[in-house]
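Asks: Pasting start33.pdb below, which is PDB, C-alpha atoms, pLDDT in the B column.
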ATOM      1  CA  MET A   2      16.011 -15.490 -37.906  1.00 96.00           C
ATOM      2  CA  LYS A   3      16.763 -16.789 -34.401  1.00 98.00           C
ATOM      3  CA  LYS A   4      13.638 -17.919 -32.507  1.00 98.00           C
ATOM      4  CA  VAL A   5      13.334 -18.143 -28.726  1.00 98.00           C
ATOM      5  CA  ILE A   6      10.667 -19.816 -26.572  1.00 98.00           C
ATOM      6  CA  THR A   7       9.787 -19.534 -22.896  1.00 98.00           C
ATOM      7  CA  TYR A   8       7.002 -20.956 -20.758  1.00 98.00           C
ATOM      8  CA  GLY A   9       4.966 -19.690 -17.845  1.00 96.00           C
ATOM      9  CA  THR A  10       1.675 -18.711 -16.281  1.00 95.00           C
ATOM     10  CA  PHE A  11       2.404 -14.959 -16.314  1.00 95.00           C
ATOM     11  CA  ASP A  12      -0.341 -14.097 -13.832  1.00 93.00           C
ATOM     12  CA  LEU A  13      -0.279 -10.813 -11.897  1.00 87.00           C
ATOM     13  CA  LEU A  14       2.261  -9.433 -14.345  1.00 90.00           C
ATOM     14  CA  HIS A  15       5.253  -7.805 -12.632  1.00 90.00           C
ATOM     15  CA  VAL A  16       8.739  -6.507 -13.383  1.00 91.00           C
ATOM     16  CA  GLY A  17      10.236 -10.001 -13.051  1.00 92.00           C
ATOM     17  CA  HIS A  18       8.007 -11.188 -15.902  1.00 94.00           C
ATOM     18  CA  ILE A  19       8.962  -8.210 -18.045  1.00 96.00           C
ATOM     19  CA  ASN A  20      12.655  -8.776 -17.317  1.00 96.00           C
ATOM     20  CA  ILE A  21      12.603 -12.427 -18.406  1.00 96.00           C
ATOM     21  CA  LEU A  22      10.577 -11.602 -21.532  1.00 98.00           C
ATOM     22  CA  ARG A  23      12.944  -8.758 -22.448  1.00 98.00           C
ATOM     23  CA  ARG A  24      16.068 -10.822 -21.823  1.00 97.00           C
ATOM     24  CA  ALA A  25      14.638 -13.811 -23.707  1.00 98.00           C
ATOM     25  CA  ARG A  26      13.787 -11.589 -26.687  1.00 98.00           C
ATOM     26  CA  GLU A  27      17.279 -10.068 -26.645  1.00 98.00           C
ATOM     27  CA  LEU A  28      18.669 -13.565 -27.304  1.00 98.00           C
ATOM     28  CA  GLY A  29      16.915 -13.743 -30.670  1.00 98.00           C
ATOM     29  CA  ASP A  30      14.734 -12.088 -33.268  1.00 98.00           C
ATOM     30  CA  TYR A  31      11.375 -13.655 -32.401  1.00 98.00           C
ATOM     31  CA  LEU A  32       9.898 -14.673 -29.023  1.00 98.00           C
ATOM     32  CA  VAL A  33       7.255 -17.353 -28.581  1.00 98.00           C
ATOM     33  CA  VAL A  34       5.623 -17.578 -25.151  1.00 98.00           C
ATOM     34  CA  ALA A  35       3.904 -20.829 -24.230  1.00 98.00           C
ATOM     35  CA  LEU A  36       1.261 -19.713 -21.744  1.00 98.00           C
ATOM     36  CA  SER A  37      -0.124 -22.212 -19.229  1.00 97.00           C
ATOM     37  CA  THR A  38      -3.849 -22.755 -19.731  1.00 98.00           C
ATOM     38  CA  ASP A  39      -6.249 -22.692 -16.792  1.00 97.00           C
ATOM     39  CA  GLU A  40      -6.804 -26.443 -17.182  1.00 97.00           C
ATOM     40  CA  PHE A  41      -3.062 -27.161 -17.142  1.00 97.00           C
ATOM     41  CA  ASN A  42      -2.639 -24.954 -14.069  1.00 95.00           C
ATOM     42  CA  ALA A  43      -5.469 -26.826 -12.322  1.00 96.00           C
ATOM     43  CA  GLY A  44      -3.572 -30.068 -12.929  1.00 95.00           C
ATOM     44  CA  LYS A  45      -0.571 -28.443 -11.207  1.00 93.00           C
ATOM     45  CA  HIS A  46      -2.848 -27.409  -8.279  1.00 93.00           C
ATOM     46  CA  LYS A  47      -2.293 -23.791  -9.246  1.00 90.00           C
ATOM     47  CA  THR A  48      -4.863 -21.070  -9.824  1.00 90.00           C
ATOM     48  CA  SER A  49      -4.438 -17.816 -11.643  1.00 92.00           C
ATOM     49  CA  TYR A  50      -6.181 -14.593 -10.796  1.00 92.00           C
ATOM     50  CA  HIS A  51      -6.575 -13.798 -14.494  1.00 95.00           C
ATOM     51  CA  PRO A  52      -8.077 -16.400 -16.855  1.00 97.00           C
ATOM     52  CA  TYR A  53      -5.998 -17.711 -19.769  1.00 98.00           C
ATOM     53  CA  GLU A  54      -7.607 -15.476 -22.420  1.00 98.00           C
ATOM     54  CA  ASP A  55      -6.897 -12.322 -20.379  1.00 97.00           C
ATOM     55  CA  ARG A  56      -3.294 -13.368 -19.685  1.00 98.00           C
ATOM     56  CA  LYS A  57      -2.876 -14.067 -23.407  1.00 98.00           C
ATOM     57  CA  ILE A  58      -4.159 -10.588 -24.345  1.00 98.00           C
ATOM     58  CA  ILE A  59      -1.804  -9.013 -21.789  1.00 97.00           C
ATOM     59  CA  LEU A  60       1.209 -10.937 -23.131  1.00 98.00           C
ATOM     60  CA  GLU A  61       0.336 -10.153 -26.750  1.00 98.00           C
ATOM     61  CA  SER A  62       0.407  -6.444 -25.890  1.00 98.00           C
ATOM     62  CA  ILE A  63       4.028  -6.605 -24.680  1.00 98.00           C
ATOM     63  CA  LYS A  64       6.518  -5.453 -27.305  1.00 98.00           C
ATOM     64  CA  TYR A  65       8.966  -8.296 -26.601  1.00 98.00           C
ATOM     65  CA  VAL A  66       6.391 -11.032 -27.350  1.00 98.00           C
ATOM     66  CA  ASP A  67       5.800 -12.048 -30.973  1.00 98.00           C
ATOM     67  CA  LYS A  68       3.530 -15.063 -30.512  1.00 98.00           C
ATOM     68  CA  VAL A  69       1.600 -16.717 -27.661  1.00 98.00           C
ATOM     69  CA  ILE A  70       0.712 -20.416 -27.767  1.00 98.00           C
ATOM     70  CA  PRO A  71      -1.132 -22.494 -25.164  1.00 98.00           C
ATOM     71  CA  GLU A  72       0.787 -24.735 -22.784  1.00 98.00           C
ATOM     72  CA  THR A  73      -1.520 -27.662 -22.081  1.00 98.00           C
ATOM     73  CA  SER A  74       0.919 -30.328 -20.793  1.00 97.00           C
ATOM     74  CA  TRP A  75       4.438 -30.894 -19.504  1.00 95.00           C
ATOM     75  CA  ASP A  76       5.179 -33.135 -22.485  1.00 96.00           C
ATOM     76  CA  GLN A  77       4.641 -30.677 -25.344  1.00 98.00           C
ATOM     77  CA  LYS A  78       8.007 -28.897 -25.235  1.00 98.00           C
ATOM     78  CA  ILE A  79       9.856 -30.983 -27.847  1.00 98.00           C
ATOM     79  CA  LYS A  80       6.893 -30.675 -30.204  1.00 98.00           C
ATOM     80  CA  ASP A  81       6.686 -26.895 -29.601  1.00 98.00           C
ATOM     81  CA  VAL A  82      10.408 -26.479 -30.310  1.00 98.00           C
ATOM     82  CA  GLN A  83      10.143 -28.470 -33.530  1.00 98.00           C
ATOM     83  CA  GLU A  84       6.881 -26.958 -34.808  1.00 98.00           C
ATOM     84  CA  ASN A  85       7.994 -23.372 -34.128  1.00 98.00           C
ATOM     85  CA  ASP A  86      11.585 -23.808 -35.416  1.00 98.00           C
ATOM     86  CA  ILE A  87      12.979 -22.745 -32.038  1.00 98.00           C
ATOM     87  CA  ASP A  88      16.701 -22.089 -31.641  1.00 98.00           C
ATOM     88  CA  ILE A  89      16.780 -21.204 -27.921  1.00 98.00           C
ATOM     89  CA  PHE A  90      14.681 -22.371 -24.964  1.00 98.00           C
ATOM     90  CA  VAL A  91      14.715 -19.956 -21.984  1.00 98.00           C
ATOM     91  CA  MET A  92      13.534 -20.403 -18.403  1.00 97.00           C
ATOM     92  CA  GLY A  93      14.291 -18.868 -15.018  1.00 94.00           C
ATOM     93  CA  ASP A  94      17.257 -20.376 -13.217  1.00 94.00           C
ATOM     94  CA  ASP A  95      15.014 -21.810 -10.506  1.00 92.00           C
ATOM     95  CA  TRP A  96      14.340 -24.518 -13.164  1.00 95.00           C
ATOM     96  CA  LYS A  97      18.065 -25.108 -13.815  1.00 97.00           C
ATOM     97  CA  GLY A  98      18.663 -28.573 -15.276  1.00 97.00           C
ATOM     98  CA  GLN A  99      14.964 -29.446 -15.553  1.00 97.00           C
ATOM     99  CA  PHE A 100      14.815 -28.879 -19.308  1.00 98.00           C
ATOM    100  CA  ASP A 101      18.234 -30.102 -20.381  1.00 98.00           C
ATOM    101  CA  PHE A 102      16.445 -32.906 -22.287  1.00 98.00           C
ATOM    102  CA  LEU A 103      15.774 -30.223 -24.940  1.00 98.00           C
ATOM    103  CA  LYS A 104      19.503 -29.748 -25.703  1.00 98.00           C
ATOM    104  CA  PRO A 105      19.430 -32.125 -28.708  1.00 98.00           C
ATOM    105  CA  TYR A 106      16.733 -29.867 -30.231  1.00 98.00           C
ATOM    106  CA  CYS A 107      17.849 -26.339 -29.286  1.00 98.00           C
ATOM    107  CA  GLU A 108      20.085 -24.329 -26.993  1.00 98.00           C
ATOM    108  CA  VAL A 109      18.809 -24.254 -23.383  1.00 98.00           C
ATOM    109  CA  ILE A 110      19.444 -21.139 -21.289  1.00 98.00           C
ATOM    110  CA  TYR A 111      18.458 -20.535 -17.665  1.00 98.00           C
ATOM    111  CA  LEU A 112      18.274 -16.824 -16.832  1.00 96.00           C
ATOM    112  CA  PRO A 113      18.628 -15.400 -13.311  1.00 93.00           C
ATOM    113  CA  ARG A 114      15.331 -14.383 -11.785  1.00 88.00           C
ATOM    114  CA  THR A 115      14.613 -10.823 -10.678  1.00 84.00           C
ATOM    115  CA  GLU A 116      15.389 -10.570  -6.977  1.00 80.00           C
ATOM    116  CA  GLY A 117      12.648  -9.704  -4.514  1.00 76.00           C
ATOM    117  CA  ILE A 118       9.591 -10.226  -6.747  1.00 72.00           C
ATOM    118  CA  SER A 119       7.385 -13.149  -7.731  1.00 77.00           C
ATOM    119  CA  THR A 120       3.694 -13.814  -8.213  1.00 75.00           C
ATOM    120  CA  THR A 121       3.784 -15.969  -5.065  1.00 78.00           C
ATOM    121  CA  LYS A 122       5.245 -13.039  -3.096  1.00 82.00           C
ATOM    122  CA  ILE A 123       2.594 -10.657  -4.450  1.00 83.00           C
ATOM    123  CA  LYS A 124      -0.199 -13.068  -3.476  1.00 75.00           C
ATOM    124  CA  HIS A 125       1.373 -13.511  -0.030  1.00 80.00           C
ATOM    125  CA  ASP A 126       1.752  -9.753   0.486  1.00 80.00           C
ATOM    126  CA  LEU A 127      -1.849  -9.146  -0.617  1.00 78.00           C
ATOM    127  CA  ALA A 128      -3.081 -11.815   1.805  1.00 79.00           C
ATOM    128  CA  ILE A 129      -1.143 -10.195   4.664  1.00 77.00           C
ATOM    129  CA  GLY A 130      -2.582  -6.806   3.689  1.00 71.00           C
ATOM    130  CA  ALA A 131      -6.109  -8.225   3.741  1.00 58.00           C
ATOM    131  CA  THR A 132      -5.475  -9.760   7.171  1.00 61.00           C
ATOM    132  CA  ASP A 133      -4.091  -6.463   8.493  1.00 57.00           C
ATOM    133  CA  GLN A 134      -7.159  -4.599   7.160  1.00 52.00           C
ATOM    134  CA  LYS A 135      -9.456  -7.041   8.978  1.00 52.00           C
ATOM    135  CA  LYS A 136      -7.527  -6.508  12.205  1.00 56.00           C
ATOM    136  CA  ASP A 137      -7.722  -2.723  11.768  1.00 56.00           C
ATOM    137  CA  ALA A 138     -11.479  -2.914  11.194  1.00 53.00           C
ATOM    138  CA  GLN A 139     -12.058  -4.851  14.414  1.00 54.00           C
TER
END
Take the structure I supplied and represent it as structure tokens, if you would.
Replies:
Amino acid sequence: MKKVITYGTFDLLHVGHINILRRARELGDYLVVALSTDEFNAGKHKTSYHPYEDRKIILESIKYVDKVIPETSWDQKIKDVQENDIDIFVMGDDWKGQFDFLKPYCEVIYLPRTEGISTTKIKHDLAIGATDQKKDAQ
């Protein structure tokens, strides 16, 4: 059995998330998703709309995902790869080269991101929409 792992916050789930999960799963037989905890995100000065437990439930309901584990620090990746018998580590290509230190432990693949969509873009678009609604109300 070939096992794959990927990492992320997976907040405001969108087609880009589904695409990377699907493509990661296609590389193997079993997909582990290390999901950033709220505390870890706070340390990165990042906030999620959905709390960790809700994001975990959402990910667990996706057919490509076999297991969700918490991501609590930057330094846990080697341990995660070893403890979960991972063959392939997958991330979006905006991280290209950042995780090459894992190559002695598993194959490292950077997948192209889905064009035109990101959680940051969704948050930005929603903020613009809220601003436009305020202007319209005045």
Asks: Taking only C-alpha atoms into account, name the residue in A:Lys124, A:Arg114, A:Lys4, A:Lys68 that is nearest to A:His18.
Replies: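 Using only C-alpha atoms, the shortest distance to A:His18 belongs to A:Arg114.
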Asks: Hey, what comes out of the PyMOL selection byres ((chain A and resi 92) around 6) on this file? Could you write it as an NGL selection string?
Replies: :A and (7 or 91 or 93 or 111)
Asks: Which residues of stretch 82-109 of chain A come within 9 Å of stretch 25-42 of chain A, and for each one, what is the closest pair of atoms and their distance in Å to one decimal, counting only C-alpha atoms, sorted by chain and residue number, as a tab-separated table?
Replies:
residue	atom	partner	partner_atom	distance
A:Asn85	CA	A:Val33	CA	8.2
A:Ile87	CA	A:Val33	CA	8.6
A:Asp88	CA	A:Gly29	CA	8.4
A:Ile89	CA	A:Leu28	CA	7.9
A:Phe90	CA	A:Ala25	CA	8.7
A:Val91	CA	A:Ala25	CA	6.4
A:Met92	CA	A:Ala25	CA	8.5
Asks: Figure out the distance between atom CA of A:Lys97 and atom CA of A:Gly44, please, to one decimal in Å.
Replies: 22.2 Å
Asks: Using only C-alpha atoms, which of A:His46, A:Val16, A:Ile129, A:Thr10 sits nearest A:Val69?
Replies: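 Smallest distance to A:Val69 is found for A:Thr10.
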Asks: Can you tell me how far atom CA of A:Thr115 sits from atom CA of A:Asn20, in Å to one decimal?
Replies: 7.2 Å
Asks: Could you tell me which residues the PyMOL selection byres ((chain A and resi 120) around 8) returns for this structure, as a list in words?
Replies: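 Given this file, the PyMOL selection byres ((chain A and resi 120) around 8) evaluates to Asp12, Leu13, Leu14, His15, Ile118, Ser119, Thr121, Lys122, Ile123 and Lys124 of chain A.
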Asks: Mind dumping the selected residues with C-alpha atoms as a PDB file, keeping the file's coordinate frame?
Replies:
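selection06.pdb, written as the output of this step:
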ATOM      1  CA  ASP A  12      -0.341 -14.097 -13.832  1.00 93.00           C
ATOM      2  CA  LEU A  13      -0.279 -10.813 -11.897  1.00 87.00           C
ATOM      3  CA  LEU A  14       2.261  -9.433 -14.345  1.00 90.00           C
ATOM      4  CA  HIS A  15       5.253  -7.805 -12.632  1.00 90.00           C
ATOM      5  CA  ILE A 118       9.591 -10.226  -6.747  1.00 72.00           C
ATOM      6  CA  SER A 119       7.385 -13.149  -7.731  1.00 77.00           C
ATOM      7  CA  THR A 121       3.784 -15.969  -5.065  1.00 78.00           C
ATOM      8  CA  LYS A 122       5.245 -13.039  -3.096  1.00 82.00           C
ATOM      9  CA  ILE A 123       2.594 -10.657  -4.450  1.00 83.00           C
ATOM     10  CA  LYS A 124      -0.199 -13.068  -3.476  1.00 75.00           C
TER      11      LYS A 124
END
Asks: What is the distance between atom CA of A:Lys57 and atom CA of A:Ile79, in Å to one decimal?
Replies: 21.6 Å
Asks: Can you list, as JSON, numbers by chain, every protein, DNA or RNA residue that comes within 10 Å of A:Gly98 when you count only C-alpha atoms, leaving out same-chain residues fewer than 2 positions away?
Replies: {"A": [94, 95, 96, 100, 101, 102, 109, 110, 111]}
Asks: Measuring between all atoms listed in the file, which one of A:Arg24, A:Met2, A:Phe11, A:Ile63 shows the shortest distance to A:Tyr50?
Replies: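 Looking only at the distances to A:Tyr50, the closest residue turns out to be A:Phe11.
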Asks: Please evaluate the PyMOL selection byres ((chain A and resi 106) around 8) against the displayed coordinates and give the resulting residues as a list of chain:residue names.
Replies: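 After applying the PyMOL selection byres ((chain A and resi 106) around 8), what remains is A:Ile79, A:Val82, A:Gln83, A:Asp88, A:Leu103, A:Lys104, A:Pro105, A:Cys107, A:Glu108.
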Asks: With all atoms listed in the file as the atoms that count, which of A:Gly9, A:Gly17, A:Pro71, A:Asp86 lies nearest to A:Ser49?
Replies: A:Gly9
